[in-house]
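Let me begin by presenting the structure, written as structure tokens, before commenting on it.
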Amino acid sequence: MSKETAFACGYAAIVGPPNAGKSTLLNRLLDHKLSIVTPKPQTTRKKITGIYHNDRCQIIFLDTPGIMHPIQQLHESMLMTTRATLKEADVIVAMVPVSKKGGLFDREFTDLLFKKWLKATSKPVVVALNKVDILKEEETEEALQIIRELWKPEKVLAISAIQGKGLGDLVETLMPFLPLEHPLYPGDILSTAPERFFVSEIIREKIFLQYGQEVPYSTEVVIDEFKEQHESDPSKKDVIRCSIVVERDSQKHILIGKKGAALKKLGMAARKDIEEFLDRPVFLELFVKVRSDWRKKKGMLKSFGY
Ligand SMILES: Nc1nc2c(ncn2[C@@H]2O[C@H](COP(=O)(O)OP(=O)(O)OP(=O)(O)O)[C@@H](O)[C@H]2O)c(=O)[nH]1
Ligand SMILES: [Mg+2]
């Protein structure tokens with residue numbers, strides 16, 4: 001069999017700054033909402049595995065927390081995840097988001113990404129210049145040219161993750177870097193993470209969308225109980241009990257709101273998406289707990305899976 005017709009399979013890590021559109025890309029590639037997306041930076045905190053399938057390849061995409069300057073122990077843990085994910089990858093999708101503000105994209109960050117993060121891995125790098133839907137065509141060309149000249153990656157592509165533009169090209173570009181000639185997973189598997197992980201992520205997404213300032217960043221979601229009973233008795237809903245952990249009493253009050261209105265709204269929004277994701281009805285119960293400074297405490301971070 002010639003190389004063109006052989007099957008290709010391997011791992012592709014998606015890395016870049018916070019808010020670049022990494023999770024949006026993963027979701028568009030899989031045509032499935034797997035990774036949570038919000039307009040706020042630092043939404044993704046853990047590695048999200050999403051498995052892309054077509055007739056000629058299987059690509060295990062690894063969405064990562066955005067690379068930022070760490071201020072807290074939680075950030076250090078997030079960066080450790082990104083670093084470890086780079087080691088797992090056969091090829092790296094370095095995402096560079098464009099900007100309307102002068103310079104077309106953040107050159108300082110891109111330089112740090114290449115010189116500090118990508119050089120250390122010595123893996124092939126494909127740059128995905130994202131959000132080109134907000135640029136004029138000539139501006140996109142100029143940005144691509146600058147990246148080619150300054151950092152000389154294996155390949156540079158313009159994409160719009162949100163519009164799904166350039167994604168076919170991206171898959172084709174990644175294929176030659178995939179080392180295996182057989183798939184690692186059956187064709188119907190989208191991820192390796194358990195349902196309860198995605199449920200906690202959906203709740204976190206709704207918190208990021210509903211609350212402002214520090215509240216989303218001070219919050220963690222823990223699934224205390226996930227009782228599956230719908231399959232054995234369709235008259236019963238699955239029961240999901242979760243703790244929303246915050247750092248201070250004041251944050252707890254904000255989360256709950258006047259007469260519990262805010263928490264009720266959150267629960268309704270989360271339940272709707274959880275039911276869509278699981279494709280079955282659920283009973284969702286949310287509790288708010290205070291664990292002071294959990295983001296600074298290694299033991300507590302570990303218990304939350306960081
Ligand atoms: N205009 C435009 N916006 C996009 C595009 N891709 C993503 N976005 C928006 O950018 C914001 C961040 O998207 P995410 O996918 O959460 O970004 P991320 O890189 O995963 O961010 P973190 O998880 O915080 O590191 C969201 O508001 C997206 O809708 C794109 O191609 N064009
Ligand atoms: Mg993300």
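Chain identifiers are assigned as A, B, and so on, following the order in which chains appear in the structure tokens; residues are numbered from 1 within each chain, and ligands are numbered from 1 in order of appearance.
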Residues within 10 Å of ligand 2, counting only C-alpha atoms and all ligand atoms, as a tab-separated table (two decimals) with N, CA and C atoms, in the first residue's frame:
```tsv
chain	number	residue	atom	x	y	z
A	14	ILE	N	-3.50	20.43	20.94
A	14	ILE	CA	-3.87	21.80	20.55
A	14	ILE	C	-3.42	22.72	21.68
A	15	VAL	N	-2.46	23.58	21.40
A	15	VAL	CA	-1.96	24.49	22.44
A	15	VAL	C	-2.00	25.93	21.96
A	16	GLY	N	-1.96	26.85	22.93
A	16	GLY	CA	-1.97	28.27	22.58
A	16	GLY	C	-2.35	29.10	23.78
A	17	PRO	N	-2.53	30.39	23.58
A	17	PRO	CA	-2.91	31.25	24.71
A	17	PRO	C	-4.36	31.01	25.12
A	18	PRO	N	-4.76	31.46	26.31
A	18	PRO	CA	-6.17	31.37	26.69
A	18	PRO	C	-7.03	32.12	25.68
A	19	ASN	N	-8.24	31.64	25.47
A	19	ASN	CA	-9.21	32.33	24.62
A	19	ASN	C	-8.88	32.28	23.12
A	20	ALA	N	-7.95	31.42	22.72
A	20	ALA	CA	-7.52	31.36	21.32
A	20	ALA	C	-8.57	30.69	20.43
A	21	GLY	N	-9.42	29.84	21.05
A	21	GLY	CA	-10.39	29.07	20.27
A	21	GLY	C	-10.01	27.59	20.18
A	22	LYS	N	-9.18	27.12	21.09
A	22	LYS	CA	-8.72	25.72	21.07
A	22	LYS	C	-9.89	24.75	21.27
A	23	SER	N	-10.73	25.06	22.25
A	23	SER	CA	-11.86	24.17	22.54
A	23	SER	C	-12.91	24.25	21.43
A	24	THR	N	-13.08	25.44	20.88
A	24	THR	CA	-14.00	25.60	19.75
A	24	THR	C	-13.54	24.74	18.59
A	25	LEU	N	-12.23	24.71	18.35
A	25	LEU	CA	-11.68	23.90	17.26
A	25	LEU	C	-11.97	22.41	17.50
A	26	LEU	N	-11.69	21.96	18.71
A	26	LEU	CA	-11.94	20.54	19.02
A	26	LEU	C	-13.40	20.18	18.75
A	35	SER	N	-15.87	19.98	24.54
A	35	SER	CA	-15.06	20.84	25.39
A	35	SER	C	-15.83	22.14	25.61
A	36	ILE	N	-15.81	22.64	26.85
A	36	ILE	CA	-16.61	23.83	27.12
A	36	ILE	C	-15.95	25.07	26.54
A	37	VAL	N	-16.80	26.01	26.12
A	37	VAL	CA	-16.35	27.24	25.44
A	37	VAL	C	-17.04	28.43	26.08
A	38	THR	N	-16.27	29.45	26.45
A	38	THR	CA	-16.88	30.69	26.91
A	38	THR	C	-16.04	31.86	26.40
A	39	PRO	N	-16.59	33.08	26.43
A	39	PRO	CA	-15.79	34.23	26.00
A	39	PRO	C	-14.67	34.57	26.99
A	40	LYS	N	-14.69	33.95	28.16
A	40	LYS	CA	-13.67	34.28	29.19
A	40	LYS	C	-12.42	33.43	29.02
A	41	PRO	N	-11.24	34.03	29.28
A	41	PRO	CA	-10.01	33.24	29.21
A	41	PRO	C	-9.92	32.24	30.36
A	42	GLN	N	-9.07	31.23	30.18
A	42	GLN	CA	-8.84	30.20	31.20
A	42	GLN	C	-10.09	29.39	31.53
A	43	THR	N	-10.85	29.09	30.50
A	43	THR	CA	-12.04	28.26	30.69
A	43	THR	C	-11.62	26.80	30.89
A	44	THR	N	-10.76	26.30	29.99
A	44	THR	CA	-10.32	24.90	30.08
A	44	THR	C	-9.24	24.76	31.14
A	45	ARG	N	-9.43	23.79	32.04
A	45	ARG	CA	-8.44	23.60	33.11
A	45	ARG	C	-7.76	22.25	33.06
A	46	LYS	N	-8.37	21.31	32.35
A	46	LYS	CA	-7.81	19.96	32.27
A	46	LYS	C	-7.70	19.54	30.81
A	47	LYS	N	-6.94	18.49	30.56
A	47	LYS	CA	-6.82	17.99	29.19
A	47	LYS	C	-8.15	17.37	28.75
A	48	ILE	N	-8.60	17.72	27.54
A	48	ILE	CA	-9.83	17.13	27.02
A	48	ILE	C	-9.47	16.32	25.77
A	63	ASP	N	-7.13	18.77	23.73
A	63	ASP	CA	-7.34	20.19	24.02
A	63	ASP	C	-6.69	20.47	25.38
A	64	THR	N	-6.06	21.63	25.49
A	64	THR	CA	-5.27	21.91	26.71
A	64	THR	C	-5.66	23.24	27.34
A	65	PRO	N	-5.29	23.43	28.62
A	65	PRO	CA	-5.46	24.76	29.22
A	65	PRO	C	-4.54	25.76	28.52
A	66	GLY	N	-5.01	26.98	28.36
A	66	GLY	CA	-4.22	28.02	27.69
A	66	GLY	C	-2.94	28.33	28.47
```
Region 81-98 of chain A surroundings by only C-alpha atoms, 8 Å radius, close-in-sequence under 2 positions cut, as number ranges by chain:
A: 10-17, 20-22, 46-47, 62, 64-67, 77-79, 100, 104-106, 110, 117, 121, 123-132, 134-135, 174, 177-179
Could the residues in this selection be written to a file with C-alpha atoms, as a tab-separated table (two decimals), in the first residue's frame?
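Written output follows (again-v7.tsv):
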```
chain	number	residue	atom	x	y	z
A	10	GLY	CA	-1.83	9.51	16.20
A	11	TYR	CA	-2.06	12.24	18.82
A	12	ALA	CA	-2.35	15.97	18.08
A	13	ALA	CA	-2.10	18.45	20.96
A	14	ILE	CA	-3.87	21.80	20.55
A	15	VAL	CA	-1.96	24.49	22.44
A	16	GLY	CA	-1.97	28.27	22.58
A	17	PRO	CA	-2.91	31.25	24.71
A	20	ALA	CA	-7.52	31.36	21.32
A	21	GLY	CA	-10.39	29.07	20.27
A	22	LYS	CA	-8.72	25.72	21.07
A	46	LYS	CA	-7.81	19.96	32.27
A	47	LYS	CA	-6.82	17.99	29.19
A	62	LEU	CA	-5.88	16.83	23.01
A	64	THR	CA	-5.27	21.91	26.71
A	65	PRO	CA	-5.46	24.76	29.22
A	66	GLY	CA	-4.22	28.02	27.69
A	67	ILE	CA	-0.62	29.00	28.35
A	77	SER	CA	-1.24	22.64	37.70
A	78	MET	CA	-2.92	23.77	34.47
A	79	LEU	CA	0.46	24.48	32.88
A	100	LYS	CA	-8.02	43.52	15.30
A	104	LEU	CA	-2.65	41.30	13.65
A	105	PHE	CA	-1.67	38.86	16.45
A	106	ASP	CA	0.35	38.81	19.68
A	110	THR	CA	3.85	33.67	19.86
A	117	TRP	CA	7.21	25.71	24.84
A	121	THR	CA	9.41	19.35	22.54
A	123	LYS	CA	7.86	17.83	17.68
A	124	PRO	CA	6.44	18.93	14.31
A	125	VAL	CA	4.40	22.11	14.67
A	126	VAL	CA	1.45	23.13	12.52
A	127	VAL	CA	0.27	26.68	13.19
A	128	ALA	CA	-3.46	27.30	13.04
A	129	LEU	CA	-3.99	31.03	12.68
A	130	ASN	CA	-7.49	31.25	14.14
A	131	LYS	CA	-10.35	33.74	14.01
A	132	VAL	CA	-9.40	34.89	10.50
A	134	ILE	CA	-12.43	38.97	11.68
A	135	LEU	CA	-9.59	39.91	9.28
A	174	LEU	CA	-1.71	16.60	10.21
A	177	PHE	CA	2.75	13.28	11.05
A	178	LEU	CA	0.63	10.47	12.50
A	179	PRO	CA	2.86	7.44	13.14
```
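The space separating CA of Gln73 (chain A) from atom 24 (O, counted along the ligand's line) of ligand 1 comes to 16.9 Å.
Each of A:His75, A:Lys264, A:Lys252, A:Arg56 was compared to ligand 1 using only C-alpha atoms and all ligand atoms, and A:His75 turns out to be the nearest.
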Backbone DSSP call of strand (DSSP E or B) for region 170-303 of chain A, listed as a PyMOL selection string:
chain A and resi 180+220-227+238-246+282-290
Neighbour list for Glu231 (chain A) as an mmCIF file with C-alpha atoms, in the first residue's frame, cut-off 12 Å, only C-alpha atoms, skip fewer than 3 positions in-chain:
```
data_model
loop_
_atom_site.group_PDB
_atom_site.id
_atom_site.type_symbol
_atom_site.label_atom_id
_atom_site.label_comp_id
_atom_site.auth_asym_id
_atom_site.auth_seq_id
_atom_site.Cartn_x
_atom_site.Cartn_y
_atom_site.Cartn_z
ATOM 1 C CA LYS A 227 -26.936 7.472 40.143
ATOM 2 C CA GLU A 228 -27.851 5.858 36.845
ATOM 3 C CA PRO A 234 -37.298 4.348 32.397
ATOM 4 C CA SER A 235 -39.814 5.935 34.785
ATOM 5 C CA LYS A 236 -36.908 7.144 36.922
ATOM 6 C CA LYS A 237 -34.468 9.900 36.010
ATOM 7 C CA ASP A 238 -30.746 9.588 36.649
ATOM 8 C CA ASP A 279 -29.476 12.166 25.681
ATOM 9 C CA ARG A 280 -31.596 11.242 28.707
ATOM 10 C CA PRO A 281 -33.458 13.104 31.464
ATOM 11 C CA VAL A 282 -31.663 13.838 34.728
#
```
Could you pull out the residues in region 126-194 of chain A that DSSP calls alpha helix (DSSP H) from the backbone, as a list in words?
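Reading the DSSP output for region 126-194 of chain A, alpha helix (DSSP H) covers Glu137, Glu138, Glu139, Thr140, Glu141, Glu142, Ala143, Leu144, Gln145, Ile146, Ile147, Arg148, Glu149, Leu150, Trp151, Leu167, Gly168, Asp169, Leu170, Val171, Glu172, Thr173 and Leu174 of chain A.
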Using only C-alpha atoms, the residue out of A:Phe197, A:Lys152, A:Ile59, A:Thr49 with shortest distance to Glu181 (chain A) is A:Ile59
Quick one: everything within 10 Å of His32 (chain A), counting only C-alpha atoms, minus sequence neighbours fewer than 4 positions away in the same chain. Send it as a list of chain:residue names.
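Contacts, in chain order: A:Leu26, A:Asn27, A:Arg28, A:Gly50, A:Leu190, A:Phe277.
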I need the chosen residues saved as a PDB file, in the first residue's frame, with C-alpha atoms.
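Everything below was put into out31.pdb:
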```pdb
ATOM      1  CA  LEU A  26     -11.937  20.543  19.020  1.00  0.00           C
ATOM      2  CA  ASN A  27     -15.731  20.753  19.037  1.00  0.00           C
ATOM      3  CA  ARG A  28     -15.955  21.746  15.365  1.00  0.00           C
ATOM      4  CA  GLY A  50     -11.554  14.168  21.504  1.00  0.00           C
ATOM      5  CA  LEU A 190     -15.575  10.372  20.795  1.00  0.00           C
ATOM      6  CA  PHE A 277     -25.229  15.701  26.169  1.00  0.00           C
TER       7      PHE A 277
END
```
Which residue of A:Glu142, A:Tyr52, A:Asp273, A:Phe61 approaches Glu201 (chain A) most closely, using only C-alpha atoms
A:Asp273
